[in-house]
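**Student:** Structure file final_24.pdb, PDB, C-alpha atoms and all ligand atoms, is pasted below:
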ATOM      1  CA  MET A 243     -74.162  90.637-132.440
ATOM      2  CA  SER A 244     -74.204  88.397-129.415
ATOM      3  CA  LEU A 245     -76.522  85.615-128.442
ATOM      4  CA  PRO A 246     -78.709  85.984-125.378
ATOM      5  CA  ALA A 247     -76.685  84.574-122.489
ATOM      6  CA  GLU A 248     -77.050  80.817-122.548
ATOM      7  CA  PRO A 249     -80.363  80.272-124.321
ATOM      8  CA  TYR A 250     -82.007  77.388-122.563
ATOM      9  CA  VAL A 251     -83.888  75.297-125.007
ATOM     10  CA  GLU A 252     -86.495  72.747-124.146
ATOM     11  CA  LEU A 253     -86.725  70.163-126.855
ATOM     12  CA  PRO A 254     -88.918  67.175-127.572
ATOM     13  CA  LYS A 255     -87.522  63.840-126.494
ATOM     14  CA  HIS A 256     -86.087  62.275-129.614
ATOM     15  CA  MET A 257     -83.982  65.320-130.365
ATOM     16  CA  TYR A 258     -82.033  65.252-127.220
ATOM     17  CA  GLN A 259     -78.324  65.536-127.597
ATOM     18  CA  LYS A 260     -75.715  63.033-126.501
ATOM     19  CA  GLY A 261     -74.975  63.453-122.826
ATOM     20  CA  VAL A 262     -78.051  65.527-122.116
ATOM     21  CA  LYS A 263     -80.093  64.258-119.249
ATOM     22  CA  HIS A 264     -83.649  63.219-119.745
ATOM     23  CA  LEU A 265     -85.706  65.122-117.234
ATOM     24  CA  CYS A 266     -89.387  65.096-118.088
ATOM     25  CA  GLU A 267     -91.970  62.442-118.568
ATOM     26  CA  ASN A 268     -94.307  64.127-120.960
ATOM     27  CA  GLY A 269     -92.243  63.676-124.072
ATOM     28  CA  VAL A 270     -90.206  66.809-123.599
ATOM     29  CA  THR A 271     -86.525  66.908-122.777
ATOM     30  CA  GLN A 272     -84.816  69.822-121.133
ATOM     31  CA  VAL A 273     -81.252  70.654-121.957
ATOM     32  CA  PRO A 274     -79.920  71.433-118.480
ATOM     33  CA  HIS A 275     -78.561  74.897-118.069
ATOM     34  CA  LYS A 276     -75.105  73.674-117.081
ATOM     35  CA  GLN A 277     -74.672  71.753-120.295
ATOM     36  CA  LEU A 278     -75.419  74.841-122.329
ATOM     37  CA  GLN A 279     -73.014  76.931-120.320
ATOM     38  CA  GLY A 280     -70.289  74.559-121.410
ATOM     39  CA  MET A 281     -71.307  74.703-125.074
ATOM     40  CA  ASP A 282     -69.545  76.999-127.450
ATOM     41  CA  ARG A 283     -71.425  79.496-129.535
ATOM     42  CA  SER A 284     -71.576  77.445-132.701
ATOM     43  CA  ARG A 285     -73.004  74.511-130.764
ATOM     44  CA  VAL A 286     -75.714  76.710-129.219
ATOM     45  CA  LEU A 287     -76.598  77.974-132.701
ATOM     46  CA  LYS A 288     -76.786  74.396-133.879
ATOM     47  CA  VAL A 289     -79.216  73.466-131.088
ATOM     48  CA  LEU A 290     -81.277  76.551-131.908
ATOM     49  CA  SER A 291     -81.287  75.689-135.571
ATOM     50  CA  ASN A 292     -82.386  72.085-134.897
ATOM     51  CA  ALA A 293     -85.180  73.310-132.655
ATOM     52  CA  CYS A 294     -86.419  75.790-135.273
ATOM     53  CA  ARG A 295     -86.160  73.365-138.152
ATOM     54  CA  GLU A 296     -87.753  70.357-136.577
ATOM     55  CA  PHE A 297     -90.164  71.722-134.035
ATOM     56  CA  GLY A 298     -90.579  75.443-134.615
ATOM     57  CA  PHE A 299     -90.353  76.139-130.904
ATOM     58  CA  PHE A 300     -88.005  76.315-127.935
ATOM     59  CA  GLN A 301     -87.917  77.927-124.501
ATOM     60  CA  VAL A 302     -85.520  80.608-123.379
ATOM     61  CA  VAL A 303     -84.378  81.254-119.811
ATOM     62  CA  ASN A 304     -81.544  83.565-118.756
ATOM     63  CA  HIS A 305     -83.030  86.078-121.150
ATOM     64  CA  GLY A 306     -82.120  89.083-119.067
ATOM     65  CA  ILE A 307     -85.698  90.335-118.494
ATOM     66  CA  ALA A 308     -86.043  90.979-114.762
ATOM     67  CA  ASP A 309     -88.543  88.830-112.853
ATOM     68  CA  GLU A 310     -90.112  92.034-111.596
ATOM     69  CA  VAL A 311     -91.122  93.122-115.135
ATOM     70  CA  ILE A 312     -92.696  89.724-115.751
ATOM     71  CA  VAL A 313     -94.504  89.556-112.415
ATOM     72  CA  LYS A 314     -95.931  93.070-112.904
ATOM     73  CA  MET A 315     -97.226  92.196-116.367
ATOM     74  CA  MET A 316     -98.906  89.012-115.151
ATOM     75  CA  ASP A 317    -100.348  90.742-112.119
ATOM     76  CA  VAL A 318    -101.816  93.712-113.967
ATOM     77  CA  SER A 319    -103.250  91.405-116.655
ATOM     78  CA  LYS A 320    -105.018  89.355-114.021
ATOM     79  CA  ARG A 321    -106.492  92.502-112.495
ATOM     80  CA  PHE A 322    -107.674  93.714-115.898
ATOM     81  CA  PHE A 323    -109.774  90.571-116.361
ATOM     82  CA  GLU A 324    -111.200  91.013-112.859
ATOM     83  CA  LEU A 325    -112.519  94.499-113.660
ATOM     84  CA  PRO A 326    -116.303  94.892-113.886
ATOM     85  CA  PHE A 327    -117.563  93.869-117.320
ATOM     86  CA  GLU A 328    -118.715  97.441-118.136
ATOM     87  CA  GLU A 329    -115.132  98.594-117.793
ATOM     88  CA  ARG A 330    -113.691  95.891-120.078
ATOM     89  CA  GLN A 331    -116.548  96.213-122.538
ATOM     90  CA  ARG A 332    -115.315  99.666-123.592
ATOM     91  CA  TYR A 333    -112.611  97.940-125.600
ATOM     92  CA  MET A 334    -114.830  95.432-127.406
ATOM     93  CA  SER A 335    -115.010  95.850-131.148
ATOM     94  CA  ASN A 336    -115.900  93.916-134.272
ATOM     95  CA  ASN A 337    -113.130  95.629-136.147
ATOM     96  CA  LEU A 338    -110.129  93.283-136.256
ATOM     97  CA  SER A 339    -107.712  96.096-137.007
ATOM     98  CA  GLN A 340    -108.520  98.140-133.888
ATOM     99  CA  PRO A 341    -105.164  98.692-132.147
ATOM    100  CA  VAL A 342    -106.719  97.914-128.753
ATOM    101  CA  ARG A 343    -109.345  95.211-128.567
ATOM    102  CA  TYR A 344    -110.953  93.120-125.865
ATOM    103  CA  GLY A 345    -112.987  89.991-126.467
ATOM    104  CA  THR A 346    -114.701  87.520-124.209
ATOM    105  CA  SER A 347    -115.676  83.908-124.631
ATOM    106  CA  PHE A 348    -118.999  84.751-123.008
ATOM    107  CA  ASN A 349    -120.008  87.007-125.854
ATOM    108  CA  GLN A 350    -119.049  85.353-129.074
ATOM    109  CA  ASN A 351    -120.525  87.814-131.590
ATOM    110  CA  ASN A 352    -117.046  88.967-132.398
ATOM    111  CA  ASP A 353    -115.289  85.781-133.310
ATOM    112  CA  GLY A 354    -116.383  83.134-135.731
ATOM    113  CA  VAL A 355    -114.632  80.377-133.814
ATOM    114  CA  PHE A 356    -115.687  79.502-130.319
ATOM    115  CA  CYS A 357    -112.820  79.705-127.830
ATOM    116  CA  TRP A 358    -112.879  79.420-124.064
ATOM    117  CA  ARG A 359    -110.782  82.536-123.805
ATOM    118  CA  ASP A 360    -110.893  86.219-123.002
ATOM    119  CA  PHE A 361    -108.228  88.346-124.610
ATOM    120  CA  LEU A 362    -106.839  91.840-124.595
ATOM    121  CA  LYS A 363    -104.942  92.828-127.710
ATOM    122  CA  LEU A 364    -102.596  95.794-127.478
ATOM    123  CA  SER A 365    -100.671  97.257-130.397
ATOM    124  CA  CYS A 366     -97.304  98.365-129.066
ATOM    125  CA  HIS A 367     -95.086  99.750-131.772
ATOM    126  CA  PRO A 368     -94.401 102.637-132.145
ATOM    127  CA  MET A 369     -95.215 102.994-128.480
ATOM    128  CA  GLN A 370     -95.859 106.735-128.432
ATOM    129  CA  ASP A 371     -98.719 106.224-130.928
ATOM    130  CA  PHE A 372    -100.419 103.395-129.087
ATOM    131  CA  ALA A 373     -99.764 103.808-125.340
ATOM    132  CA  PRO A 374    -102.403 106.563-124.965
ATOM    133  CA  LEU A 375    -105.010 104.104-126.338
ATOM    134  CA  TRP A 376    -104.254 101.305-123.859
ATOM    135  CA  PRO A 377    -106.784 100.854-121.012
ATOM    136  CA  SER A 378    -106.378 103.445-118.275
ATOM    137  CA  SER A 379    -107.578 100.948-115.704
ATOM    138  CA  PRO A 380    -105.993  99.285-113.749
ATOM    139  CA  VAL A 381    -104.007 102.475-113.208
ATOM    140  CA  ASP A 382    -100.641 100.753-113.519
ATOM    141  CA  LEU A 383    -101.484  98.887-116.760
ATOM    142  CA  ARG A 384     -99.857 101.346-119.146
ATOM    143  CA  GLU A 385     -96.621 101.439-117.203
ATOM    144  CA  ALA A 386     -96.432  97.638-116.933
ATOM    145  CA  VAL A 387     -97.226  97.084-120.626
ATOM    146  CA  GLY A 388     -94.801  99.826-121.678
ATOM    147  CA  GLU A 389     -91.929  98.230-119.848
ATOM    148  CA  TYR A 390     -92.861  94.684-120.785
ATOM    149  CA  SER A 391     -93.248  95.443-124.482
ATOM    150  CA  MET A 392     -89.937  97.286-124.638
ATOM    151  CA  LYS A 393     -88.057  94.449-122.948
ATOM    152  CA  THR A 394     -89.681  91.714-125.025
ATOM    153  CA  ARG A 395     -89.006  93.672-128.195
ATOM    154  CA  HIS A 396     -85.359  93.849-127.288
ATOM    155  CA  LEU A 397     -85.280  90.111-126.543
ATOM    156  CA  TYR A 398     -87.036  89.434-129.849
ATOM    157  CA  GLU A 399     -84.301  91.338-131.683
ATOM    158  CA  ARG A 400     -81.559  89.314-129.983
ATOM    159  CA  VAL A 401     -83.275  85.989-130.620
ATOM    160  CA  MET A 402     -83.965  86.985-134.228
ATOM    161  CA  ASP A 403     -80.299  87.875-134.727
ATOM    162  CA  ALA A 404     -79.323  84.445-133.405
ATOM    163  CA  ILE A 405     -81.876  82.714-135.627
ATOM    164  CA  LEU A 406     -80.646  84.592-138.693
ATOM    165  CA  GLU A 407     -77.080  83.685-137.783
ATOM    166  CA  SER A 408     -78.035  80.037-137.455
ATOM    167  CA  LEU A 409     -79.279  80.246-141.058
ATOM    168  CA  GLY A 410     -76.062  81.875-142.198
ATOM    169  CA  LEU A 411     -77.847  85.170-142.822
ATOM    170  CA  THR A 412     -75.909  87.558-140.601
ATOM    171  CA  ASP A 413     -76.219  90.460-143.043
ATOM    172  CA  GLU A 414     -79.949  90.063-143.501
ATOM    173  CA  LYS A 415     -81.403  93.185-141.901
ATOM    174  CA  VAL A 416     -84.644  93.272-143.775
ATOM    175  CA  ILE A 417     -86.472  91.129-141.310
ATOM    176  CA  SER A 418     -85.207  92.237-137.923
ATOM    177  CA  ASN A 419     -85.646  95.961-138.481
ATOM    178  CA  ASP A 420     -88.795  97.934-137.823
ATOM    179  CA  GLY A 421     -92.027  96.023-137.598
ATOM    180  CA  ASN A 422     -95.219  95.457-135.664
ATOM    181  CA  GLN A 423     -95.453  94.305-132.116
ATOM    182  CA  LEU A 424     -98.702  93.132-130.583
ATOM    183  CA  VAL A 425     -99.063  92.119-126.977
ATOM    184  CA  MET A 426    -101.902  89.627-126.678
ATOM    185  CA  VAL A 427    -103.015  88.842-123.155
ATOM    186  CA  ASN A 428    -104.957  85.575-122.971
ATOM    187  CA  TYR A 429    -107.114  84.595-120.043
ATOM    188  CA  TYR A 430    -108.632  81.103-119.996
ATOM    189  CA  PRO A 431    -111.247  80.720-117.264
ATOM    190  CA  ALA A 432    -111.592  77.314-115.619
ATOM    191  CA  CYS A 433    -114.071  75.380-117.740
ATOM    192  CA  PRO A 434    -116.682  73.005-116.266
ATOM    193  CA  GLN A 435    -116.442  70.660-119.281
ATOM    194  CA  PRO A 436    -112.928  71.060-120.670
ATOM    195  CA  GLU A 437    -113.225  68.058-122.984
ATOM    196  CA  LEU A 438    -115.898  69.879-124.997
ATOM    197  CA  THR A 439    -113.870  72.918-125.935
ATOM    198  CA  LEU A 440    -110.437  74.509-126.365
ATOM    199  CA  GLY A 441    -108.953  77.766-125.147
ATOM    200  CA  LEU A 442    -107.613  78.324-128.652
ATOM    201  CA  PRO A 443    -108.148  75.998-131.613
ATOM    202  CA  PRO A 444    -105.155  74.684-133.604
ATOM    203  CA  HIS A 445    -103.434  77.525-135.456
ATOM    204  CA  SER A 446    -100.021  78.865-136.332
ATOM    205  CA  ASP A 447     -99.049  82.477-135.702
ATOM    206  CA  TYR A 448     -99.065  84.780-138.698
ATOM    207  CA  GLY A 449     -95.942  86.842-137.950
ATOM    208  CA  LEU A 450     -92.206  86.247-137.820
ATOM    209  CA  LEU A 451     -91.739  85.200-134.213
ATOM    210  CA  THR A 452     -93.823  84.961-131.042
ATOM    211  CA  LEU A 453     -92.454  85.188-127.507
ATOM    212  CA  LEU A 454     -94.910  83.710-125.054
ATOM    213  CA  LEU A 455     -94.993  84.000-121.310
ATOM    214  CA  GLN A 456     -97.232  81.475-119.572
ATOM    215  CA  ASP A 457     -98.123  81.030-115.934
ATOM    216  CA  GLN A 458     -97.634  77.707-114.145
ATOM    217  CA  VAL A 459    -100.849  76.128-115.452
ATOM    218  CA  GLU A 460    -100.327  73.713-118.350
ATOM    219  CA  GLY A 461    -102.390  74.285-121.478
ATOM    220  CA  LEU A 462    -100.197  75.086-124.487
ATOM    221  CA  GLN A 463     -99.763  72.115-126.806
ATOM    222  CA  ILE A 464     -97.577  71.850-129.890
ATOM    223  CA  GLN A 465     -98.365  69.545-132.786
ATOM    224  CA  HIS A 466     -95.492  67.244-133.529
ATOM    225  CA  ASN A 467     -95.591  64.039-135.600
ATOM    226  CA  ASP A 468     -99.372  63.906-135.384
ATOM    227  CA  ARG A 469     -99.534  64.161-131.664
ATOM    228  CA  TRP A 470     -99.957  66.977-129.179
ATOM    229  CA  VAL A 471     -96.972  67.709-126.947
ATOM    230  CA  THR A 472     -97.682  69.787-123.847
ATOM    231  CA  VAL A 473     -95.149  72.531-123.212
ATOM    232  CA  LYS A 474     -94.277  72.294-119.534
ATOM    233  CA  PRO A 475     -94.150  75.753-118.008
ATOM    234  CA  ILE A 476     -90.731  76.842-116.725
ATOM    235  CA  PRO A 477     -91.137  79.820-114.368
ATOM    236  CA  ASN A 478     -90.373  83.183-115.993
ATOM    237  CA  SER A 479     -89.183  81.643-119.244
ATOM    238  CA  PHE A 480     -90.340  82.496-122.759
ATOM    239  CA  VAL A 481     -91.650  79.991-125.253
ATOM    240  CA  VAL A 482     -90.466  81.146-128.666
ATOM    241  CA  ASN A 483     -92.183  79.969-131.799
ATOM    242  CA  ILE A 484     -91.641  80.534-135.482
ATOM    243  CA  GLY A 485     -94.535  82.201-137.325
ATOM    244  CA  ASP A 486     -95.785  81.887-140.912
ATOM    245  CA  GLN A 487     -93.869  84.937-142.145
ATOM    246  CA  PHE A 488     -90.598  83.448-140.983
ATOM    247  CA  GLU A 489     -91.312  80.044-142.483
ATOM    248  CA  ILE A 490     -91.839  81.851-145.795
ATOM    249  CA  PHE A 491     -88.720  83.997-145.367
ATOM    250  CA  SER A 492     -86.617  80.922-144.546
ATOM    251  CA  ASN A 493     -88.063  79.196-147.621
ATOM    252  CA  GLY A 494     -89.383  76.420-145.374
ATOM    253  CA  ARG A 495     -86.136  75.700-143.512
ATOM    254  CA  TYR A 496     -87.724  76.712-140.215
ATOM    255  CA  LYS A 497     -91.219  75.625-139.365
ATOM    256  CA  SER A 498     -94.178  77.645-138.198
ATOM    257  CA  VAL A 499     -95.633  75.247-135.702
ATOM    258  CA  VAL A 500     -99.319  74.424-135.204
ATOM    259  CA  HIS A 501    -100.339  74.806-131.579
ATOM    260  CA  ARG A 502    -103.488  74.970-129.503
ATOM    261  CA  VAL A 503    -104.542  75.636-125.934
ATOM    262  CA  ALA A 504    -106.394  73.130-123.777
ATOM    263  CA  VAL A 505    -108.414  74.323-120.789
ATOM    264  CA  ASN A 506    -109.022  72.615-117.479
ATOM    265  CA  SER A 507    -111.828  72.429-114.982
ATOM    266  CA  MET A 508    -109.882  73.429-111.893
ATOM    267  CA  ARG A 509    -107.720  76.426-112.669
ATOM    268  CA  SER A 510    -107.819  79.472-114.857
ATOM    269  CA  ARG A 511    -104.742  80.194-116.961
ATOM    270  CA  LEU A 512    -103.018  83.371-118.100
ATOM    271  CA  SER A 513    -100.530  83.899-120.913
ATOM    272  CA  VAL A 514     -99.022  86.939-122.591
ATOM    273  CA  ALA A 515     -97.886  86.621-126.187
ATOM    274  CA  SER A 516     -95.626  89.194-127.795
ATOM    275  CA  LEU A 517     -96.200  88.827-131.537
ATOM    276  CA  HIS A 518     -93.690  90.300-133.962
ATOM    277  CA  SER A 519     -94.423  90.762-137.636
ATOM    278  CA  VAL A 520     -93.709  93.029-140.595
ATOM    279  CA  ASN A 521     -96.197  94.865-142.823
ATOM    280  CA  GLU A 522     -94.270  94.711-146.026
ATOM    281  CA  ASN A 523     -93.948  91.907-148.479
ATOM    282  CA  VAL A 524     -92.185  88.812-147.181
ATOM    283  CA  THR A 525     -90.386  86.780-149.766
ATOM    284  CA  PRO A 526     -88.173  83.687-149.414
ATOM    285  CA  SER A 527     -84.596  84.848-148.911
ATOM    286  CA  PRO A 528     -82.704  84.476-152.227
ATOM    287  CA  LYS A 529     -79.796  83.087-150.192
ATOM    288  CA  LEU A 530     -81.929  80.101-149.229
ATOM    289  CA  ILE A 531     -83.031  79.337-152.763
ATOM    290  CA  ASP A 532     -80.917  77.107-154.981
ATOM    291  CA  TYR A 533     -81.162  74.235-157.384
ATOM    292  CA  LEU A 534     -82.028  71.736-154.641
ATOM    293  CA  ASN A 535     -84.252  74.176-152.767
ATOM    294  CA  PRO A 536     -86.442  76.009-155.244
ATOM    295  CA  LYS A 537     -88.628  78.882-154.089
ATOM    296  CA  ARG A 538     -91.362  77.205-152.041
ATOM    297  CA  TYR A 539     -93.702  80.109-151.210
ATOM    298  CA  LYS A 540     -95.333  82.981-153.005
ATOM    299  CA  ASP A 541     -94.423  86.491-151.861
ATOM    300  CA  THR A 542     -96.844  87.394-149.108
ATOM    301  CA  ASN A 543     -98.153  90.448-147.308
ATOM    302  CA  TYR A 544    -100.799  91.305-144.765
ATOM    303  CA  ALA A 545    -103.404  91.990-147.455
ATOM    304  CA  ASP A 546    -103.004  88.353-148.606
ATOM    305  CA  PHE A 547    -103.589  87.217-145.046
ATOM    306  CA  LEU A 548    -106.749  89.328-144.668
ATOM    307  CA  HIS A 549    -107.987  88.047-147.981
ATOM    308  CA  TYR A 550    -107.417  84.477-146.830
ATOM    309  CA  LEU A 551    -109.350  85.090-143.579
ATOM    310  CA  THR A 552    -112.429  86.081-145.541
ATOM    311  CA  SER A 553    -112.067  83.426-148.231
ATOM    312  CA  SER A 554    -113.480  79.919-148.407
ATOM    313  CA  GLU A 555    -109.942  78.519-147.942
ATOM    314  CA  PHE A 556    -109.979  79.698-144.327
ATOM    315  CA  LYS A 557    -112.055  76.753-143.142
ATOM    316  CA  CYS A 558    -110.196  73.998-144.959
ATOM    317  CA  LYS A 559    -106.497  74.879-144.964
ATOM    318  CA  ARG A 560    -103.853  76.824-143.122
ATOM    319  CA  PHE A 561    -102.770  80.185-144.448
ATOM    320  CA  LEU A 562     -99.332  78.753-145.198
ATOM    321  CA  GLU A 563    -100.826  76.064-147.410
ATOM    322  CA  SER A 564    -102.443  78.777-149.462
ATOM    323  CA  ARG A 565     -99.023  80.396-150.009
ATOM    324  CA  ARG A 566     -97.152  77.237-150.956
ATOM    325  CA  ILE A 567     -95.824  76.770-154.476
ATOM    326  CA  ASN A 568     -96.362  73.130-155.374
TER     327      ASN A 568
HETATM  328  O1  LIG B   1    -101.945  80.829-124.351
HETATM  329  C1  LIG B   1    -101.070  80.215-124.958
HETATM  330  O2  LIG B   1    -100.315  79.430-124.390
HETATM  331  C2  LIG B   1    -100.895  80.379-126.441
HETATM  332  C3  LIG B   1    -101.506  81.620-127.010
HETATM  333  C4  LIG B   1    -101.385  81.683-128.496
HETATM  334  O3  LIG B   1    -101.146  80.709-129.157
HETATM  335  C5  LIG B   1    -101.569  82.946-129.213
HETATM  336  O4  LIG B   1    -101.873  83.983-128.574
HETATM  337  O5  LIG B   1    -101.384  82.956-130.455
HETATM  338 FE    FE B   2    -100.540  81.206-131.158
END
Here is the file; what I need is its structure written in the form of structure tokens.
Ligand SMILES: O=C(O)CCC(=O)C(=O)O
Ligand SMILES: [Fe+2]

**Tutor:**
Amino acid sequence: MSLPAEPYVELPKHMYQKGVKHLCENGVTQVPHKQLQGMDRSRVLKVLSNACREFGFFQVVNHGIADEVIVKMMDVSKRFFELPFEERQRYMSNNLSQPVRYGTSFNQNNDGVFCWRDFLKLSCHPMQDFAPLWPSSPVDLREAVGEYSMKTRHLYERVMDAILESLGLTDEKVISNDGNQLVMVNYYPACPQPELTLGLPPHSDYGLLTLLLQDQVEGLQIQHNDRWVTVKPIPNSFVVNIGDQFEIFSNGRYKSVVHRVAVNSMRSRLSVASLHSVNENVTPSPKLIDYLNPKRYKDTNYADFLHYLTSSEFKCKRFLESRRIN
């Protein structure tokens, strides 16, 4: 299996490699594209592995998804949130497991936590089951989401293969095979008092891996060494982050990173997350368990996650903490 052509990783400052130029001021270092082109495959895997282990996130450019697919997805998403409320309201539901769900920060009956965010959640896999349920307006939404979800799924599989390889698990099929894909479109309206709220509160993603497309408005922040690092948008790139299921599978080698979204008073922001997870039990890979690295997590499935959401633990600790073996 081959790596995506030249993954371009954006890494926090102190991790930057010898000879890599320091480009940004906000605590984030970019590895310039040219440097990666010169790197051999094992070196790229090493960079990927460092990024996953220490930070749980990186950015990918040169991913092979055409700009046109990305632009269409962003454009149709924007038009969805501009539809009259009555139109969007048809997809509102209190039922978290609805395959298509819309929610708005101006009607918070649905969510316990207040977020300055509207969202549209679309289940995508298998596509033939879910596409007929996606909103029929704007008229080109289904086509754009269909194409976007297929391409991001393919990219997910390639990135996952590379991540497994970086862990020395090339034969491990269990995790990259069939699974769920959710496309979550997030719209953060400009907020008159941004210091009083967040677009999304601190959380980590439940699944294996998330591929996130963001527009050019800053907002996503990653927790690292007790501070918040803003992820600078790179046009048409994907921010990839490790989710809880993968931290468990990797027996804690790779980290599911806590992140949040800040809002601002001037500009609205749009992002599209493609969330990949599996339904079945996830258990730490036996190949990553040994005398020095005992099993660190309990076996986990979606029912455990739902149970956690309704339990008293939800308010005081992360889901992952509840799965840790001490
Ligand atoms: O909007 C963003 O940048 C992040 C969204 C996110 O964290 C999520 O959908 O889980
Ligand atoms: Fe997230």

**Student:** What do you get, as an MDAnalysis selection string, if you spell out every residue that the PyMOL selection byres (((not hetatm)) within 10 of (chain B and resi 2)) selects here?

**Tutor:** chainID A and resid 426 442:449 452:454 462 464 483:485 499:503 515:517

**Student:** In Å to one decimal, how far is atom CA of Gln423 of chain A from atom CA of Glu328 of chain A?

**Tutor:**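 Those two atoms sit 27.3 Å apart.
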
**Student:** Determine the nearest neighbour of ligand LIG 1 (chain B) from the options A:Pro368, A:Pro434, A:Gly461, A:Pro374, counting all atoms listed in the file.

**Tutor:** A:Gly461

**Student:** With all atoms listed in the file counted, which protein, DNA or RNA residues have an atom no more than 9 Å from (-104.8, 87.7, -123.4) in the file frame? Please answer as a short mmCIF file (atom, residue, chain, number, x, y, z; two decimals) with C-alpha atoms, in the coordinates of the input.

**Tutor:**
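Result file follows (selection.cif):
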data_model
loop_
_atom_site.label_atom_id
_atom_site.label_comp_id
_atom_site.auth_asym_id
_atom_site.auth_seq_id
_atom_site.Cartn_x
_atom_site.Cartn_y
_atom_site.Cartn_z
CA SER A 319 -103.25 91.40 -116.66
CA TYR A 344 -110.95 93.12 -125.86
CA ARG A 359 -110.78 82.54 -123.80
CA ASP A 360 -110.89 86.22 -123.00
CA PHE A 361 -108.23 88.35 -124.61
CA LEU A 362 -106.84 91.84 -124.60
CA LYS A 363 -104.94 92.83 -127.71
CA VAL A 425 -99.06 92.12 -126.98
CA MET A 426 -101.90 89.63 -126.68
CA VAL A 427 -103.02 88.84 -123.16
CA ASN A 428 -104.96 85.58 -122.97
CA TYR A 429 -107.11 84.60 -120.04
CA TYR A 430 -108.63 81.10 -120.00
CA LEU A 512 -103.02 83.37 -118.10
CA SER A 513 -100.53 83.90 -120.91
CA VAL A 514 -99.02 86.94 -122.59
CA ALA A 515 -97.89 86.62 -126.19
#

**Student:** Translate the PyMOL selection byres (((chain A and resi 367) around 8) and not hetatm) into a concrete residue list for this structure, as an MDAnalysis selection string.

**Tutor:** chainID A and resid 365:366 368:372 421:424

**Student:** What does the file look like for those residues with C-alpha atoms, as a compact mmCIF listing (two decimals), keeping the file's coordinate frame?

**Tutor:**
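What ended up in out_22.txt:
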# COMPACT_ATOMS: atom_id res chain seq x y z
CA SER A 365 -100.67 97.26 -130.40
CA CYS A 366 -97.30 98.36 -129.07
CA PRO A 368 -94.40 102.64 -132.15
CA MET A 369 -95.22 102.99 -128.48
CA GLN A 370 -95.86 106.74 -128.43
CA ASP A 371 -98.72 106.22 -130.93
CA PHE A 372 -100.42 103.40 -129.09
CA GLY A 421 -92.03 96.02 -137.60
CA ASN A 422 -95.22 95.46 -135.66
CA GLN A 423 -95.45 94.30 -132.12
CA LEU A 424 -98.70 93.13 -130.58

**Student:** Restricting the calculation to only C-alpha atoms and all ligand atoms, which member of A:Tyr496, A:Phe488, A:Tyr550, A:Trp358 is positioned closest to ligand LIG 1 (chain B)?

**Tutor:**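 Nearest candidate to ligand LIG 1 (chain B) out of A:Tyr496, A:Phe488, A:Tyr550, A:Trp358: A:Trp358.
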
**Student:** Residues near Val381 of chain A, anyone? I mean within 10 Å using only C-alpha atoms, not counting same-chain ones fewer than 4 positions away, as a ChimeraX atom specification.

**Tutor:** /A:318,322,377,385-386

**Student:** Determine the nearest neighbour of ligand LIG 1 (chain B) from the options A:Lys474, A:Arg321, A:Lys288, A:Arg332, counting all atoms listed in the file.

**Tutor:**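 Looking only at the distances to ligand LIG 1 (chain B), the closest residue turns out to be A:Lys474.
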
**Student:** Skipping near chain neighbours, those fewer than 2 positions away, what residues fall within 12 Å of segment 532-543 of chain A using only C-alpha atoms, listed as number ranges by chain?

**Tutor:** A: 448-450, 486-495, 519-530, 545-550, 561-568

**Student:** Could you tell me how far atom CA of Ala504 of chain A sits from atom CA of Leu438 of chain A, in Å to one decimal place?

**Tutor:**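 Those two atoms sit 10.1 Å apart.
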
**Student:** Grab the atom CA of Lys320 of chain A to atom CA of Pro431 of chain A distance for me, in Å with one decimal place.

**Tutor:**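 So the answer is 11.1 Å.
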